[in-house]
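Undergrad: Let me give you the structure first, and then I'll get to my questions.
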Amino acid sequence: MLDPNGPLPPAVYWRRRAVAISVSALVVALLGWGVVALITGTGEPSATTPQHVARPPGQPVAVAADHGPEACPDQMLRVASEVGQPAYRTGERIGLAVVVTNTGPRPCVRDLNRMLREIEVTTPAGRHVWSSNDCYAESTNERPVLEPGEPVRNDVLWQGLTSAPGCTARQERVPPGDYLAVARLTSIASAPTPFRVVP
């Protein structure tokens with residue numbers, strides 16, 4: 001069976017057998033590699049296989065997180081004082097307001113604790129007449145999100161009585177005359193708003 005028989009020289013048949021055996025061995029080797037690759041998963045990664053990128057030791061993994069709006073800086077806020085009407089009669093309760101507006105381009109959060117905001121009434125010469133904080137010492141938890149251009153107002157109803165810091169002085173009815181209302185939020189102060197108390 002191993003002896004070549006035929007009309008051609010024996011060397012031709014030996015070469016043909018060598019080529020056939022080599023091709024058969026190559027096919028068997030390729031089939032074996034394919035089977036091993038399927039079993040062990042060591043083949044080329046597909047386009048959908050997630051790839052892990054190496055990073056230096058000790059470097060933290062970045063995680064995206066939404067922490068919400070940032071705190072409002074002073075330069076992005078406008079504080080204004082408002083008076084309900086230009087004139088009030090003596091003994092009439094007077095409507096005042098502290099108005100805070102975010103003038104920036106994005107929402108932000110600001111602490112509007114009751115003890116951080118104030119509205120003060122003075123004479124045109126600057127003499128202190130009354131403050132919303134003189135006789136009030138209760139803290140509140142107020143941290144609203146201030147949307148750009150949308151004012152947040154806090155209304156105060158003044159009884160028309162004088163007061164002193166710490167509520168140490170006797171309160172008396174303010175006389176008729178001209179007054180100014182100034183609003184503050186921490187170190188941010190409004191322009192004065194004039195109003196009048198009439199007999």
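Labels used: A, B, ... for chains in the order of the structure tokens, numbers from 1 for residues in each chain, and numbers from 1 for ligands as shown.
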At a cut-off of 7 Å, using only C-alpha atoms, what residues contact Gly104 of chain A? Leave out same-chain residues fewer than 2 positions from it and give the result as number ranges by chain.

TA: A: 76, 102, 106, 148

Undergrad: Based on the selection just made, write C-alpha atoms of those residues as a PDB file, in the first residue's frame.

TA:
ATOM      1  CA  MET A  76     -25.211  86.434  41.595  1.00  0.00           C
ATOM      2  CA  ASN A 102     -30.873  85.102  41.350  1.00  0.00           C
ATOM      3  CA  ARG A 106     -28.280  78.910  36.239  1.00  0.00           C
ATOM      4  CA  PRO A 148     -32.645  82.606  37.349  1.00  0.00           C
TER       5      PRO A 148
END

Undergrad: May I have the residues within 6 Å of Ala97 of chain A as a list in words, using only C-alpha atoms and disregarding those fewer than 2 positions away in the same chain?

TA: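 Those residues are Ser81, Glu82, Asn154, Asp155 and Val156 of chain A.
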
Undergrad: For the residues in that selection, give me C-alpha atoms as a tab-separated table (two decimals), in the first residue's frame.

TA:
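What ended up in out.tsv:
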chain	number	residue	atom	x	y	z
A	81	SER	CA	-36.77	96.04	49.84
A	82	GLU	CA	-40.45	96.55	49.11
A	154	ASN	CA	-40.36	87.18	52.49
A	155	ASP	CA	-43.13	89.43	53.78
A	156	VAL	CA	-43.00	91.21	57.15

Undergrad: Of the residues A:Pro73, A:Pro86, A:Pro144, A:Gly149, which is the one nearest to Pro105 of chain A, using only C-alpha atoms?

TA: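 Selected residue with least distance to Pro105 of chain A: A:Gly149.
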
Undergrad: Report, in Å with one decimal, the straight-line distance from atom CA of Pro175 of chain A to atom CA of Asn133 of chain A.

TA: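 A separation of 21.1 Å between them.
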
Undergrad: Which polymer residues have any atom within 12 Å of an atom of Thr123 of chain A, counting only C-alpha atoms, with same-chain residues fewer than 4 positions away left out, as a list in words?

TA: Arg127, His128, Val129, Trp130, Thr162, Val174, Pro175, Pro176, Gly177, Asp178, Tyr179, Leu180, Ala181, Val182, Pro192, Thr193, Pro194, Phe195, Arg196 and Val197 of chain A

Undergrad: Could you take the residues named above and write them with C-alpha atoms, as a short mmCIF file (atom, residue, chain, number, x, y, z; two decimals), in the first residue's frame?

TA:
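Result file follows (out.cif):
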data_model
loop_
_atom_site.label_atom_id
_atom_site.label_comp_id
_atom_site.auth_asym_id
_atom_site.auth_seq_id
_atom_site.Cartn_x
_atom_site.Cartn_y
_atom_site.Cartn_z
CA ARG A 127 -31.19 106.82 62.55
CA HIS A 128 -32.33 103.29 63.44
CA VAL A 129 -36.09 103.09 64.04
CA TRP A 130 -36.94 99.38 63.83
CA THR A 162 -39.81 101.40 67.50
CA VAL A 174 -43.45 105.99 65.48
CA PRO A 175 -44.48 109.60 64.79
CA PRO A 176 -45.64 110.81 61.38
CA GLY A 177 -42.80 111.48 58.98
CA ASP A 178 -40.62 110.09 56.20
CA TYR A 179 -38.88 106.72 56.57
CA LEU A 180 -36.68 104.36 54.60
CA ALA A 181 -36.80 100.53 54.40
CA VAL A 182 -33.54 98.65 53.73
CA PRO A 192 -33.47 102.17 50.48
CA THR A 193 -37.19 102.31 49.66
CA PRO A 194 -38.93 105.48 50.92
CA PHE A 195 -42.40 105.59 52.46
CA ARG A 196 -44.35 107.93 54.73
CA VAL A 197 -46.34 107.69 57.94
#

Undergrad: Record the distance separating atom CA of Ser139 of chain A and atom CA of Arg114 of chain A, expressed in Å with one decimal.

TA: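 It comes out at 5.6 Å.
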
Undergrad: Separation of atom CA of Ile119 of chain A and atom CA of Glu147 of chain A, in Å?

TA: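 Going from atom CA of Ile119 of chain A over to atom CA of Glu147 of chain A, I get 22.7 Å.
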
Undergrad: Show me, as a list in words, the residues that have an atom within 9 Å of Ser132 of chain A when counting only C-alpha atoms, minus same-chain residues fewer than 5 positions from it.

TA: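 With the cut-off at 9 Å, the set is Arg117, Glu118, Ile119, Glu120, Val121, Val156, Trp158 and Ser163 of chain A.
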
Undergrad: Please, which residues of segment 122-183 of chain A, numbered as in this document, come out strand (DSSP E or B) from DSSP, as a PyMOL selection string?

TA: chain A and resi 122+128-131+145-146+148+152-158+161+173+177-183

Undergrad: Between A:Pro151, A:Gly84, A:Pro124, A:Pro69, single out the one closest to Val99 of chain A, counting only C-alpha atoms.

TA: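 Among A:Pro151, A:Gly84, A:Pro124, A:Pro69, it is A:Pro151 that comes nearest to Val99 of chain A.
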
Undergrad: Might you pull out every residue within 12 Å of Gln75 of chain A, with only C-alpha atoms counted and same-chain residues fewer than 5 positions away left off, and present them as number ranges by chain?

TA: A: 101-104, 187-189

Undergrad: Limited to all heavy atoms, could you put the picked residues into a file as a short mmCIF file (atom, residue, chain, number, x, y, z; two decimals), in the first residue's frame?

TA:
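Dumped everything to part31.cif:
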data_model
loop_
_atom_site.label_atom_id
_atom_site.label_comp_id
_atom_site.auth_asym_id
_atom_site.auth_seq_id
_atom_site.Cartn_x
_atom_site.Cartn_y
_atom_site.Cartn_z
N THR A 101 -33.32 87.81 44.44
CA THR A 101 -33.41 87.35 43.05
C THR A 101 -32.06 86.83 42.59
O THR A 101 -31.02 87.47 42.82
CB THR A 101 -33.87 88.48 42.12
OG1 THR A 101 -35.09 89.03 42.59
CG2 THR A 101 -34.07 87.96 40.70
N ASN A 102 -32.07 85.67 41.96
CA ASN A 102 -30.87 85.10 41.35
C ASN A 102 -30.68 85.76 39.99
O ASN A 102 -31.48 85.59 39.08
CB ASN A 102 -31.05 83.59 41.20
CG ASN A 102 -29.91 82.92 40.43
OD1 ASN A 102 -28.89 83.55 40.14
ND2 ASN A 102 -30.09 81.66 40.10
N THR A 103 -29.60 86.54 39.84
CA THR A 103 -29.33 87.23 38.58
C THR A 103 -28.39 86.45 37.68
O THR A 103 -28.03 86.92 36.61
CB THR A 103 -28.70 88.62 38.85
OG1 THR A 103 -27.43 88.44 39.51
CG2 THR A 103 -29.62 89.46 39.72
N GLY A 104 -27.99 85.25 38.11
CA GLY A 104 -27.06 84.44 37.32
C GLY A 104 -27.77 83.65 36.23
O GLY A 104 -29.00 83.68 36.09
N SER A 187 -24.37 90.02 54.13
CA SER A 187 -23.69 91.29 53.87
C SER A 187 -24.24 92.02 52.64
O SER A 187 -23.74 93.09 52.28
CB SER A 187 -22.19 91.04 53.67
OG SER A 187 -21.98 90.18 52.56
N ILE A 188 -25.28 91.46 52.00
CA ILE A 188 -25.84 92.10 50.79
C ILE A 188 -27.00 92.99 51.21
O ILE A 188 -27.96 92.53 51.84
CB ILE A 188 -26.34 91.05 49.79
CG1 ILE A 188 -25.30 89.95 49.59
CG2 ILE A 188 -26.69 91.69 48.46
CD1 ILE A 188 -25.82 88.77 48.80
N ALA A 189 -26.92 94.28 50.89
CA ALA A 189 -27.97 95.24 51.27
C ALA A 189 -28.65 95.80 50.03
O ALA A 189 -28.05 95.92 48.96
CB ALA A 189 -27.37 96.36 52.10
#
